[in-house]
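With CSV, C-alpha atoms and all ligand atoms inside, this is structure30.csv:
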chain,number,residue,atom,x,y,z
A,24,MET,CA,-40.8,49.8,7.3
A,25,THR,CA,-37.4,48.0,7.6
A,26,ALA,CA,-35.2,46.7,4.9
A,27,ASP,CA,-36.8,43.3,5.4
A,28,ASP,CA,-40.2,44.6,4.5
A,29,ILE,CA,-39.4,46.1,1.2
A,30,ALA,CA,-40.7,43.9,-1.6
A,31,ILE,CA,-39.0,44.5,-5.0
A,32,PRO,CA,-41.6,43.9,-7.8
A,33,SER,CA,-40.9,40.6,-9.5
A,34,GLU,CA,-40.7,42.1,-12.9
A,35,LEU,CA,-37.6,44.1,-11.8
A,36,LEU,CA,-35.9,41.1,-10.1
A,37,PRO,CA,-33.2,39.1,-11.9
A,38,GLY,CA,-34.1,35.6,-13.0
A,39,ASP,CA,-31.3,34.2,-10.9
A,40,GLY,CA,-30.3,36.1,-7.7
A,41,ARG,CA,-26.8,34.8,-7.2
A,42,PHE,CA,-24.2,37.4,-7.6
A,43,GLY,CA,-21.6,36.2,-5.2
A,44,SER,CA,-17.9,36.4,-6.1
A,45,GLY,CA,-17.2,32.9,-4.9
A,46,PRO,CA,-18.8,30.5,-4.4
A,47,SER,CA,-20.7,31.9,-7.3
A,48,LYS,CA,-23.7,30.9,-9.3
A,49,VAL,CA,-23.8,27.2,-10.4
A,50,ARG,CA,-25.9,26.7,-13.5
A,51,ARG,CA,-29.1,24.8,-13.0
A,52,GLU,CA,-28.4,22.7,-16.1
A,53,ALA,CA,-25.1,21.5,-14.6
A,54,VAL,CA,-26.8,20.5,-11.4
A,55,GLU,CA,-29.5,18.6,-13.3
A,56,ALA,CA,-26.8,16.8,-15.4
A,57,LEU,CA,-25.1,15.9,-12.1
A,58,THR,CA,-28.3,14.5,-10.7
A,59,ALA,CA,-28.8,12.4,-13.9
A,60,ALA,CA,-25.2,11.1,-13.8
A,61,ALA,CA,-25.2,10.5,-10.0
A,62,PRO,CA,-26.3,6.9,-9.8
A,63,THR,CA,-23.2,5.7,-11.7
A,64,TYR,CA,-20.8,8.5,-10.9
A,65,LEU,CA,-21.1,9.9,-7.3
A,66,GLY,CA,-19.8,7.4,-4.8
A,67,THR,CA,-17.5,5.6,-7.3
A,68,SER,CA,-13.7,5.2,-7.2
A,69,HIS,CA,-11.6,8.2,-8.4
A,70,ARG,CA,-9.0,5.7,-9.6
A,71,ARG,CA,-11.5,4.2,-12.1
A,72,ASP,CA,-12.5,5.2,-15.6
A,73,GLY,CA,-15.8,7.0,-14.7
A,74,VAL,CA,-14.0,9.7,-12.7
A,75,LYS,CA,-10.8,9.7,-14.6
A,76,GLN,CA,-12.7,10.4,-17.8
A,77,VAL,CA,-14.2,13.5,-16.2
A,78,ILE,CA,-10.7,14.7,-15.2
A,79,GLY,CA,-9.5,13.9,-18.7
A,80,ARG,CA,-12.3,16.0,-20.1
A,81,ILE,CA,-11.3,18.9,-17.7
A,82,ARG,CA,-7.7,18.8,-18.7
A,83,GLU,CA,-8.3,18.5,-22.4
A,84,GLY,CA,-11.2,21.0,-22.3
A,85,LEU,CA,-9.0,23.6,-20.5
A,86,GLY,CA,-6.2,23.1,-23.1
A,87,GLN,CA,-8.7,23.9,-25.8
A,88,PHE,CA,-10.4,26.7,-24.0
A,89,PHE,CA,-7.2,28.5,-23.3
A,90,SER,CA,-5.6,27.5,-26.7
A,91,LEU,CA,-2.6,26.2,-24.8
A,92,PRO,CA,0.5,25.8,-27.0
A,93,ASP,CA,2.3,22.5,-27.3
A,94,GLY,CA,4.2,21.5,-24.2
A,95,TYR,CA,1.8,23.3,-21.8
A,96,GLU,CA,0.0,21.0,-19.3
A,97,VAL,CA,-3.0,21.2,-17.0
A,98,VAL,CA,-2.2,20.2,-13.4
A,99,LEU,CA,-4.7,19.9,-10.6
A,100,GLY,CA,-4.9,19.1,-6.9
A,101,ASN,CA,-7.0,19.4,-3.8
A,102,GLY,CA,-7.2,22.4,-1.5
A,103,GLY,CA,-8.1,25.4,-3.7
A,104,SER,CA,-5.9,28.4,-4.7
A,105,THR,CA,-4.9,29.0,-1.1
A,106,MET,CA,-3.3,25.5,-0.8
A,107,LEU,CA,-1.6,26.0,-4.2
A,108,TRP,CA,0.1,29.2,-2.7
A,109,ASP,CA,1.8,26.8,-0.2
A,110,GLY,CA,2.6,24.4,-3.0
A,111,LEU,CA,4.3,27.2,-4.9
A,112,VAL,CA,6.2,28.3,-1.8
A,113,PHE,CA,7.6,24.7,-1.5
A,114,GLY,CA,7.9,23.6,-5.1
A,115,PHE,CA,7.9,26.6,-7.5
A,116,ILE,CA,9.8,29.5,-5.9
A,117,ASP,CA,13.5,28.8,-5.9
A,118,GLN,CA,15.0,31.7,-3.9
A,119,ALA,CA,12.8,34.7,-4.0
A,120,SER,CA,9.6,36.0,-5.4
A,121,LEU,CA,8.3,39.5,-6.3
A,122,HIS,CA,4.6,40.3,-5.7
A,123,TYR,CA,2.3,42.9,-7.2
A,124,VAL,CA,0.0,43.5,-4.3
A,125,PHE,CA,-3.3,45.5,-4.6
A,126,GLY,CA,-5.8,43.8,-2.3
A,127,GLU,CA,-6.4,40.9,0.1
A,128,PHE,CA,-5.7,38.0,-2.2
A,129,SER,CA,-2.4,39.3,-3.7
A,130,ALA,CA,-1.3,40.2,-0.2
A,131,LYS,CA,-2.0,36.7,1.1
A,132,PHE,CA,0.3,35.0,-1.3
A,133,ALA,CA,3.1,37.5,-0.4
A,134,GLU,CA,2.5,36.7,3.3
A,135,ALA,CA,2.7,32.9,2.6
A,136,THR,CA,6.2,33.4,1.0
A,137,ALA,CA,7.3,35.7,3.8
A,138,LEU,CA,6.8,32.9,6.3
A,139,ALA,CA,9.0,30.4,4.4
A,140,LEU,CA,12.4,30.0,6.0
A,141,HIS,CA,13.9,28.5,2.9
A,142,LEU,CA,13.2,31.6,0.8
A,143,ARG,CA,14.6,35.2,0.9
A,144,PRO,CA,12.0,37.7,2.0
A,145,PRO,CA,9.7,38.5,-0.9
A,146,VAL,CA,9.8,41.9,-2.7
A,147,VAL,CA,6.4,43.6,-2.6
A,148,ILE,CA,5.3,46.3,-5.1
A,149,GLU,CA,2.1,47.6,-3.6
A,150,ALA,CA,-0.7,49.8,-4.8
A,151,GLU,CA,-3.7,51.4,-3.1
A,152,PRO,CA,-6.9,49.3,-3.3
A,153,GLY,CA,-8.8,50.4,-6.4
A,154,THR,CA,-5.7,50.6,-8.6
A,155,HIS,CA,-3.0,48.2,-9.6
A,156,PRO,CA,0.8,48.4,-9.1
A,157,PRO,CA,3.3,49.3,-11.9
A,158,PHE,CA,5.4,46.5,-13.5
A,159,GLU,CA,8.5,47.3,-11.5
A,160,VAL,CA,11.2,44.7,-11.3
A,161,ALA,CA,14.0,43.8,-8.9
A,162,GLU,CA,17.3,41.8,-9.0
A,163,ARG,CA,17.6,38.1,-8.2
A,164,ILE,CA,13.9,37.3,-8.5
A,165,ASP,CA,12.9,33.8,-9.9
A,166,VAL,CA,9.1,34.1,-9.7
A,167,PHE,CA,7.0,37.2,-10.4
A,168,ALA,CA,3.6,36.8,-8.7
A,169,LEU,CA,0.7,38.6,-10.6
A,170,THR,CA,-3.0,38.6,-9.8
A,171,HIS,CA,-5.1,38.8,-13.0
A,172,ASN,CA,-8.2,39.9,-11.1
A,173,GLU,CA,-8.1,41.2,-7.5
A,174,THR,CA,-11.4,39.9,-6.3
A,175,SER,CA,-11.4,42.0,-3.1
A,176,THR,CA,-11.4,45.3,-4.9
A,177,GLY,CA,-12.6,44.7,-8.5
A,178,VAL,CA,-9.4,45.7,-10.2
A,179,SER,CA,-7.9,43.6,-13.0
A,180,MET,CA,-4.3,43.8,-14.2
A,181,PRO,CA,-2.8,42.8,-17.5
A,182,VAL,CA,-0.9,39.5,-17.6
A,183,LYS,CA,2.5,40.1,-19.0
A,184,ARG,CA,6.1,39.3,-18.4
A,185,PRO,CA,7.6,42.0,-16.2
A,186,GLY,CA,11.2,41.1,-17.2
A,187,THR,CA,13.1,38.7,-19.3
A,188,GLU,CA,14.1,36.4,-16.5
A,189,GLY,CA,12.0,34.8,-13.8
A,190,LEU,CA,8.9,32.7,-14.1
A,191,VAL,CA,5.5,34.4,-14.2
A,192,ALA,CA,2.9,32.9,-11.7
A,193,VAL,CA,-0.6,34.3,-12.1
A,194,ASP,CA,-3.3,34.0,-9.5
A,195,ALA,CA,-6.3,33.9,-11.9
A,196,THR,CA,-8.7,32.4,-9.4
A,197,SER,CA,-11.5,34.8,-10.3
A,198,ALA,CA,-10.2,35.8,-13.8
A,199,ALA,CA,-9.7,32.5,-15.5
A,200,GLY,CA,-12.6,31.8,-17.8
A,201,GLY,CA,-13.8,35.4,-17.9
A,202,LEU,CA,-10.8,37.5,-18.9
A,203,ARG,CA,-8.7,37.1,-22.1
A,204,VAL,CA,-5.2,35.8,-21.7
A,205,ASP,CA,-2.3,34.7,-23.9
A,206,PRO,CA,-0.6,31.6,-22.5
A,207,ARG,CA,2.8,32.8,-23.8
A,208,ASP,CA,2.6,35.6,-21.2
A,209,PHE,CA,2.6,33.2,-18.2
A,210,ASP,CA,4.3,30.1,-16.8
A,211,ILE,CA,1.7,29.1,-14.3
A,212,TYR,CA,-1.9,30.4,-14.5
A,213,TYR,CA,-3.8,29.0,-11.6
A,214,PHE,CA,-7.4,29.1,-10.3
A,215,ALA,CA,-10.2,27.3,-8.5
A,216,PRO,CA,-13.5,26.2,-9.9
A,217,GLN,CA,-16.0,28.2,-7.7
A,218,LYS,CA,-15.7,31.4,-9.7
A,219,CYS,CA,-15.9,31.7,-13.5
A,220,PHE,CA,-16.0,27.9,-13.8
A,221,ALA,CA,-19.3,27.8,-11.9
A,222,SER,CA,-18.5,24.8,-9.8
A,223,ASP,CA,-17.7,24.3,-6.1
A,224,GLY,CA,-14.5,25.0,-4.2
A,225,GLY,CA,-11.7,22.9,-2.8
A,226,LEU,CA,-9.8,22.2,-6.0
A,227,TRP,CA,-6.9,24.0,-7.7
A,228,LEU,CA,-6.1,23.9,-11.4
A,229,ALA,CA,-2.9,25.2,-13.0
A,230,LEU,CA,-2.0,25.8,-16.6
A,231,CYS,CA,1.8,25.2,-16.7
A,232,SER,CA,4.3,26.2,-19.4
A,233,PRO,CA,7.3,23.9,-20.2
A,234,ALA,CA,9.5,26.2,-18.1
A,235,ALA,CA,7.1,25.9,-15.2
A,236,ILE,CA,7.1,22.1,-15.5
A,237,GLU,CA,10.9,22.1,-15.6
A,238,ARG,CA,11.0,24.2,-12.3
A,239,ILE,CA,8.5,21.8,-10.7
A,240,GLU,CA,10.6,18.9,-11.6
A,241,THR,CA,13.9,20.5,-10.5
A,242,LEU,CA,12.6,21.5,-7.1
A,243,GLY,CA,10.6,18.3,-6.7
A,244,GLU,CA,13.7,16.3,-7.2
A,245,SER,CA,16.0,18.5,-5.1
A,246,ASP,CA,16.7,17.7,-1.4
A,247,ARG,CA,14.3,20.5,-0.2
A,248,TYR,CA,11.7,19.2,2.3
A,249,ILE,CA,8.3,19.3,0.6
A,250,PRO,CA,5.2,18.0,2.3
A,251,LEU,CA,3.7,15.3,0.0
A,252,SER,CA,0.2,16.8,-0.1
A,253,LEU,CA,1.8,20.2,-1.3
A,254,ASP,CA,4.3,18.6,-3.6
A,255,LEU,CA,3.7,19.9,-7.2
A,256,LEU,CA,5.7,17.1,-8.7
A,257,VAL,CA,3.3,14.6,-7.0
A,258,ALA,CA,0.4,16.6,-8.3
A,259,LEU,CA,1.9,16.7,-11.8
A,260,THR,CA,2.5,12.9,-11.8
A,261,ASN,CA,-1.0,12.2,-10.8
A,262,SER,CA,-2.6,14.8,-13.2
A,263,ARG,CA,-0.9,13.0,-16.1
A,264,LEU,CA,-2.8,9.9,-15.1
A,265,ASP,CA,-6.1,12.0,-14.8
A,266,GLN,CA,-6.2,11.6,-11.1
A,267,THR,CA,-5.4,13.5,-7.9
A,268,TYR,CA,-3.0,12.5,-5.1
A,269,ASN,CA,-5.8,12.1,-2.6
A,270,THR,CA,-9.6,11.9,-3.0
A,271,PRO,CA,-11.1,14.9,-4.8
A,272,ALA,CA,-14.8,16.1,-4.5
A,273,LEU,CA,-16.4,14.2,-7.4
A,274,ALA,CA,-19.4,16.7,-7.7
A,275,THR,CA,-17.0,19.6,-8.0
A,276,LEU,CA,-15.2,17.9,-10.9
A,277,PHE,CA,-18.4,17.1,-12.7
A,278,LEU,CA,-19.8,20.6,-12.4
A,279,LEU,CA,-16.5,22.0,-13.6
A,280,ALA,CA,-16.3,19.7,-16.6
A,281,HIS,CA,-19.9,20.6,-17.5
A,282,GLN,CA,-19.1,24.4,-17.3
A,283,ILE,CA,-16.0,24.0,-19.5
A,284,ASP,CA,-18.1,22.0,-22.1
A,285,TRP,CA,-20.8,24.6,-22.0
A,286,MET,CA,-18.4,27.5,-22.5
A,287,LEU,CA,-16.7,25.7,-25.3
A,288,GLU,CA,-20.0,25.0,-27.0
A,289,GLN,CA,-20.9,28.7,-26.8
A,290,GLY,CA,-17.7,29.8,-28.4
A,291,GLY,CA,-14.9,29.4,-25.9
A,292,LEU,CA,-12.9,32.1,-24.1
A,293,GLU,CA,-13.7,34.9,-26.5
A,294,TRP,CA,-17.4,34.2,-26.1
A,295,ALA,CA,-17.1,34.1,-22.3
A,296,ALA,CA,-15.0,37.2,-22.1
A,297,SER,CA,-17.4,39.1,-24.4
A,298,ARG,CA,-20.3,38.1,-22.2
A,299,CYS,CA,-18.4,39.4,-19.1
A,300,ASP,CA,-17.6,42.7,-21.1
A,301,ASP,CA,-21.4,43.0,-21.7
A,302,SER,CA,-22.3,42.5,-18.1
A,303,ALA,CA,-19.5,45.0,-17.0
A,304,HIS,CA,-20.6,47.6,-19.5
A,305,ARG,CA,-24.2,47.4,-18.1
A,306,LEU,CA,-23.1,47.6,-14.5
A,307,TYR,CA,-20.6,50.5,-14.9
A,308,THR,CA,-22.8,52.5,-17.3
A,309,TRP,CA,-25.6,52.4,-14.7
A,310,ALA,CA,-23.2,53.3,-11.8
A,311,ASP,CA,-21.8,56.3,-13.8
A,312,LYS,CA,-25.4,57.6,-14.4
A,313,ALA,CA,-26.8,56.9,-10.9
A,314,ALA,CA,-26.7,60.1,-8.8
A,315,TYR,CA,-26.0,58.1,-5.6
A,316,ALA,CA,-23.4,55.6,-7.0
A,317,ARG,CA,-20.2,55.4,-9.0
A,318,PRO,CA,-17.6,52.7,-9.9
A,319,PHE,CA,-15.1,52.4,-7.1
A,320,VAL,CA,-12.2,51.9,-9.6
A,321,VAL,CA,-11.5,55.3,-11.1
A,322,ASP,CA,-9.6,54.3,-14.2
A,323,PRO,CA,-12.0,52.5,-16.6
A,324,GLY,CA,-9.1,50.5,-17.9
A,325,GLU,CA,-8.5,49.0,-14.5
A,326,ARG,CA,-12.1,48.1,-13.8
A,327,SER,CA,-12.7,44.4,-13.7
A,328,HIS,CA,-15.1,42.8,-16.1
A,329,VAL,CA,-15.5,39.8,-13.8
A,330,VAL,CA,-16.1,41.4,-10.4
A,331,GLY,CA,-17.6,44.9,-10.3
A,332,THR,CA,-17.4,47.2,-7.2
A,333,ILE,CA,-19.8,50.1,-6.9
A,334,ASP,CA,-19.3,52.8,-4.2
A,335,PHE,CA,-22.4,54.6,-2.8
A,336,GLU,CA,-22.7,58.2,-1.6
A,337,ASP,CA,-22.7,58.4,2.2
A,338,GLU,CA,-26.5,59.2,2.3
A,339,VAL,CA,-27.2,55.7,0.9
A,340,ASP,CA,-26.3,52.8,3.2
A,341,ALA,CA,-25.0,50.0,0.9
A,342,GLY,CA,-25.4,47.5,3.7
A,343,ALA,CA,-29.1,48.3,3.9
A,344,VAL,CA,-29.5,48.0,0.2
A,345,ALA,CA,-27.8,44.6,0.3
A,346,ARG,CA,-30.2,43.5,3.1
A,347,VAL,CA,-33.2,44.6,1.0
A,348,LEU,CA,-31.8,42.6,-2.0
A,349,ARG,CA,-31.1,39.6,0.2
A,350,SER,CA,-34.7,39.5,1.6
A,351,ASN,CA,-35.8,39.5,-2.1
A,352,GLY,CA,-33.6,36.5,-3.0
A,353,VAL,CA,-30.7,38.6,-4.5
A,354,VAL,CA,-27.7,37.5,-2.6
A,355,ASP,CA,-24.0,38.1,-1.8
A,356,VAL,CA,-23.5,41.6,-3.2
A,357,GLU,CA,-22.1,42.8,0.1
A,358,PRO,CA,-18.6,44.3,-0.2
A,359,TYR,CA,-15.5,42.3,0.6
A,360,ARG,CA,-15.5,42.6,4.4
A,361,LYS,CA,-12.0,43.8,5.0
A,362,LEU,CA,-12.2,46.5,2.3
A,363,GLY,CA,-14.7,48.2,4.6
A,364,ARG,CA,-16.3,50.5,2.1
A,365,ASN,CA,-19.8,51.7,1.5
A,366,GLN,CA,-20.2,49.6,-1.6
A,367,LEU,CA,-21.7,46.7,-3.4
A,368,ARG,CA,-19.6,44.0,-5.1
A,369,VAL,CA,-21.2,42.1,-8.0
A,370,ALA,CA,-19.8,39.0,-9.8
A,371,LEU,CA,-20.0,39.2,-13.6
A,372,TYR,CA,-18.8,35.7,-14.3
A,373,PRO,CA,-19.8,33.9,-17.6
A,374,ALA,CA,-22.6,31.9,-15.9
A,375,ILE,CA,-24.3,35.1,-14.9
A,376,ASP,CA,-26.7,36.4,-17.5
A,377,PRO,CA,-26.0,40.1,-18.5
A,378,ASP,CA,-29.8,40.7,-18.5
A,379,ASP,CA,-29.7,39.6,-14.8
A,380,VAL,CA,-27.0,42.2,-14.1
A,381,GLU,CA,-29.2,44.8,-15.6
A,382,ALA,CA,-32.2,43.6,-13.6
A,383,LEU,CA,-30.0,43.9,-10.5
A,384,THR,CA,-29.3,47.6,-11.2
A,385,HIS,CA,-33.1,48.2,-11.5
A,386,SER,CA,-33.6,46.3,-8.3
A,387,VAL,CA,-31.0,48.5,-6.6
A,388,ASP,CA,-32.6,51.7,-7.8
A,389,PHE,CA,-35.9,50.4,-6.4
A,390,ALA,CA,-34.4,49.5,-3.1
A,391,VAL,CA,-32.7,52.9,-2.7
A,392,ASP,CA,-35.9,54.7,-3.5
A,393,ALA,CA,-37.8,52.6,-1.0
A,394,LEU,CA,-35.2,53.1,1.7
A,395,ARG,CA,-35.3,56.9,1.1
A,396,GLY,CA,-39.1,57.0,1.3
A,397,ASP,CA,-38.6,55.4,4.7
A,398,SER,CA,-36.4,58.1,6.2
B,401,LIG,C1,-11.1,33.3,-4.3
B,401,LIG,C2,-9.7,33.7,-4.5
B,401,LIG,C3,-8.6,33.0,-3.9
B,401,LIG,C4,-8.9,31.9,-2.9
B,401,LIG,O1,-9.4,30.8,-3.5
B,401,LIG,P1,-9.6,29.5,-2.6
B,401,LIG,O2,-10.0,28.5,-3.6
B,401,LIG,O3,-10.7,29.9,-1.6
B,401,LIG,O4,-8.4,29.2,-1.9
B,401,LIG,C5,-7.4,33.4,-4.2
B,401,LIG,N1,-7.1,34.4,-5.0
B,401,LIG,C6,-8.1,35.1,-5.7
B,401,LIG,C7,-7.7,36.2,-6.6
B,401,LIG,C8,-9.4,34.8,-5.4
B,401,LIG,O5,-10.4,35.4,-6.0

As structure tokens - that is how I would like this structure written.
Amino acid sequence: MTADDIAIPSELLPGDGRFGSGPSKVRREAVEALTAAAPTYLGTSHRRDGVKQVIGRIREGLGQFFSLPDGYEVVLGNGGSTMLWDGLVFGFIDQASLHYVFGEFSAKFAEATALALHLRPPVVIEAEPGTHPPFEVAERIDVFALTHNETSTGVSMPVKRPGTEGLVAVDATSAAGGLRVDPRDFDIYYFAPQKCFASDGGLWLALCSPAAIERIETLGESDRYIPLSLDLLVALTNSRLDQTYNTPALATLFLLAHQIDWMLEQGGLEWAASRCDDSAHRLYTWADKAAYARPFVVDPGERSHVVGTIDFEDEVDAGAVARVLRSNGVVDVEPYRKLGRNQLRVALYPAIDPDDVEALTHSVDFAVDALRGDS
């Protein structure tokens, strides 16, 4: 019997088998609402009311969801978080940034700044995968780059101001919507909708403090060369009109607005974060008890509640377990490829039902037993 032949009993399987860390589960109700709205929404101008109202709903909804203080603004543009890194390199970092690096994503933003000829080389404070770095500071830094949740390793880090000077830029791509945050602790908190916001990729969103807006305006008006598609001041100007500089994906916007509305109806960020806590508790409790598995992140306080990573003992091949799950419709729990560990990675985002996370653990137990019976 090969992995592909193992049938997990349907009563053990989760109701929805999507556990990918991004793109992640999109709720059926949101897709149905999009289908219903499609005839008058999809294929219409993004400069007209129909689409602008959806962007307005997103900007206002996020303000409410994150309890943004007066003066904070929601800015958006095309290209996802990766594109925003380049936008920050051009239009947010004045001279030099400091990066807390503890995995692939935090490292990528540091690399993007290292390539910029107009900036001094970045300062990098690095930690081993599976932990997060200490809040060390350095001289002459005008942007501190934090990552609220390192999606590649399943480690989350608190959002706080490392020093009294310098703006705080937080990559919250996989954290925003699932982890608690106080807007006073950041200047720009940015993300993309294909993770906790259960939509599709290709868009970036940024919650900006008054100091962040001032920085964007100052650099945007300076004589530094900034490509227009990466210009944060252009993005800010367009966002204020509930539009984007160039054409956005209308389906992505719709699904995002739907998810924000849904999470607000359920109780907002506190509700969403509690639901992620519940899923995380079920996943890590199971892993602690399982003889063949354990949470990859040793310190329980650093374990992410939005992306869980579970290491397996050598005798169990996590890749084979993932294949069994995949052939049973439970997908995308393979580890982050570059981390290269014998582990499973499980998204715990708000759209994912905690009962489904628990069902996933039972399905893994079944798959491991079946694979063992095989050897
Ligand atoms: C997914 C992810 C990114 C990349 O997002 P894109 O929208 O694909 O550019 C960046 N940072 C973190 C922490 C992520 O989880």

Nearest residue to Pro92 of chain A from the set A:Gly126, A:Arg207, A:Gly201, A:Ala133 (distances using only C-alpha atoms) =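 Among the listed residues, A:Arg207 lies closest to Pro92 of chain A.
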
Residues of chain A within 9 Å of ligand LIG 401 (chain B): nearest atom pair and distance (Å, one decimal) for each, counting only C-alpha atoms and all ligand atoms, sorted by chain and number, as JSON lines?
{"residue": "A:Ser44", "atom": "CA", "partner": "B:LIG401", "partner_atom": "O5", "distance": 7.6}
{"residue": "A:Gly45", "atom": "CA", "partner": "B:LIG401", "partner_atom": "C1", "distance": 6.1}
{"residue": "A:Pro46", "atom": "CA", "partner": "B:LIG401", "partner_atom": "C1", "distance": 8.2}
{"residue": "A:Gly102", "atom": "CA", "partner": "B:LIG401", "partner_atom": "O4", "distance": 6.9}
{"residue": "A:Gly103", "atom": "CA", "partner": "B:LIG401", "partner_atom": "O2", "distance": 3.6}
{"residue": "A:Ser104", "atom": "CA", "partner": "B:LIG401", "partner_atom": "O4", "distance": 3.8}
{"residue": "A:Thr105", "atom": "CA", "partner": "B:LIG401", "partner_atom": "O4", "distance": 3.6}
{"residue": "A:Met106", "atom": "CA", "partner": "B:LIG401", "partner_atom": "O4", "distance": 6.4}
{"residue": "A:Leu107", "atom": "CA", "partner": "B:LIG401", "partner_atom": "O4", "distance": 7.9}
{"residue": "A:Trp108", "atom": "CA", "partner": "B:LIG401", "partner_atom": "O4", "distance": 8.5}
{"residue": "A:Gly126", "atom": "CA", "partner": "B:LIG401", "partner_atom": "C7", "distance": 8.9}
{"residue": "A:Glu127", "atom": "CA", "partner": "B:LIG401", "partner_atom": "C7", "distance": 8.3}
{"residue": "A:Phe128", "atom": "CA", "partner": "B:LIG401", "partner_atom": "N1", "distance": 4.8}
{"residue": "A:Ser129", "atom": "CA", "partner": "B:LIG401", "partner_atom": "C7", "distance": 6.8}
{"residue": "A:Lys131", "atom": "CA", "partner": "B:LIG401", "partner_atom": "C5", "distance": 8.3}
{"residue": "A:Phe132", "atom": "CA", "partner": "B:LIG401", "partner_atom": "N1", "distance": 8.3}
{"residue": "A:Thr170", "atom": "CA", "partner": "B:LIG401", "partner_atom": "C7", "distance": 6.2}
{"residue": "A:His171", "atom": "CA", "partner": "B:LIG401", "partner_atom": "C7", "distance": 7.4}
{"residue": "A:Asn172", "atom": "CA", "partner": "B:LIG401", "partner_atom": "C7", "distance": 5.8}
{"residue": "A:Glu173", "atom": "CA", "partner": "B:LIG401", "partner_atom": "C7", "distance": 5.1}
{"residue": "A:Thr174", "atom": "CA", "partner": "B:LIG401", "partner_atom": "O5", "distance": 4.6}
{"residue": "A:Ser175", "atom": "CA", "partner": "B:LIG401", "partner_atom": "O5", "distance": 7.3}
{"residue": "A:Asp194", "atom": "CA", "partner": "B:LIG401", "partner_atom": "C7", "distance": 5.7}
{"residue": "A:Ala195", "atom": "CA", "partner": "B:LIG401", "partner_atom": "C7", "distance": 5.9}
{"residue": "A:Thr196", "atom": "CA", "partner": "B:LIG401", "partner_atom": "C6", "distance": 4.6}
{"residue": "A:Ser197", "atom": "CA", "partner": "B:LIG401", "partner_atom": "O5", "distance": 4.5}
{"residue": "A:Ala198", "atom": "CA", "partner": "B:LIG401", "partner_atom": "C7", "distance": 7.6}
{"residue": "A:Phe214", "atom": "CA", "partner": "B:LIG401", "partner_atom": "O2", "distance": 7.2}
{"residue": "A:Ala215", "atom": "CA", "partner": "B:LIG401", "partner_atom": "O2", "distance": 5.0}
{"residue": "A:Pro216", "atom": "CA", "partner": "B:LIG401", "partner_atom": "O2", "distance": 7.6}
{"residue": "A:Gln217", "atom": "CA", "partner": "B:LIG401", "partner_atom": "O2", "distance": 7.3}
{"residue": "A:Lys218", "atom": "CA", "partner": "B:LIG401", "partner_atom": "C1", "distance": 7.3}
{"residue": "A:Gly224", "atom": "CA", "partner": "B:LIG401", "partner_atom": "O2", "distance": 5.7}
{"residue": "A:Gly225", "atom": "CA", "partner": "B:LIG401", "partner_atom": "O2", "distance": 5.9}
{"residue": "A:Leu226", "atom": "CA", "partner": "B:LIG401", "partner_atom": "O2", "distance": 6.7}
{"residue": "A:Trp227", "atom": "CA", "partner": "B:LIG401", "partner_atom": "O2", "distance": 6.8}

Write the residues you've just listed into a file as an mmCIF file, in the coordinates of the input, and include C-alpha atoms for each of them.
data_model
loop_
_atom_site.group_PDB
_atom_site.id
_atom_site.type_symbol
_atom_site.label_atom_id
_atom_site.label_comp_id
_atom_site.auth_asym_id
_atom_site.auth_seq_id
_atom_site.Cartn_x
_atom_site.Cartn_y
_atom_site.Cartn_z
ATOM 1 C CA SER A 44 -17.900 36.400 -6.100
ATOM 2 C CA GLY A 45 -17.200 32.900 -4.900
ATOM 3 C CA PRO A 46 -18.800 30.500 -4.400
ATOM 4 C CA GLY A 102 -7.200 22.400 -1.500
ATOM 5 C CA GLY A 103 -8.100 25.400 -3.700
ATOM 6 C CA SER A 104 -5.900 28.400 -4.700
ATOM 7 C CA THR A 105 -4.900 29.000 -1.100
ATOM 8 C CA MET A 106 -3.300 25.500 -0.800
ATOM 9 C CA LEU A 107 -1.600 26.000 -4.200
ATOM 10 C CA TRP A 108 0.100 29.200 -2.700
ATOM 11 C CA GLY A 126 -5.800 43.800 -2.300
ATOM 12 C CA GLU A 127 -6.400 40.900 0.100
ATOM 13 C CA PHE A 128 -5.700 38.000 -2.200
ATOM 14 C CA SER A 129 -2.400 39.300 -3.700
ATOM 15 C CA LYS A 131 -2.000 36.700 1.100
ATOM 16 C CA PHE A 132 0.300 35.000 -1.300
ATOM 17 C CA THR A 170 -3.000 38.600 -9.800
ATOM 18 C CA HIS A 171 -5.100 38.800 -13.000
ATOM 19 C CA ASN A 172 -8.200 39.900 -11.100
ATOM 20 C CA GLU A 173 -8.100 41.200 -7.500
ATOM 21 C CA THR A 174 -11.400 39.900 -6.300
ATOM 22 C CA SER A 175 -11.400 42.000 -3.100
ATOM 23 C CA ASP A 194 -3.300 34.000 -9.500
ATOM 24 C CA ALA A 195 -6.300 33.900 -11.900
ATOM 25 C CA THR A 196 -8.700 32.400 -9.400
ATOM 26 C CA SER A 197 -11.500 34.800 -10.300
ATOM 27 C CA ALA A 198 -10.200 35.800 -13.800
ATOM 28 C CA PHE A 214 -7.400 29.100 -10.300
ATOM 29 C CA ALA A 215 -10.200 27.300 -8.500
ATOM 30 C CA PRO A 216 -13.500 26.200 -9.900
ATOM 31 C CA GLN A 217 -16.000 28.200 -7.700
ATOM 32 C CA LYS A 218 -15.700 31.400 -9.700
ATOM 33 C CA GLY A 224 -14.500 25.000 -4.200
ATOM 34 C CA GLY A 225 -11.700 22.900 -2.800
ATOM 35 C CA LEU A 226 -9.800 22.200 -6.000
ATOM 36 C CA TRP A 227 -6.900 24.000 -7.700
#

request  = Could you jot down the atom CA of His155 of chain A to atom CA of Val339 of chain A separation for me, Å, one decimal place?
outcome  = 27.4 Å
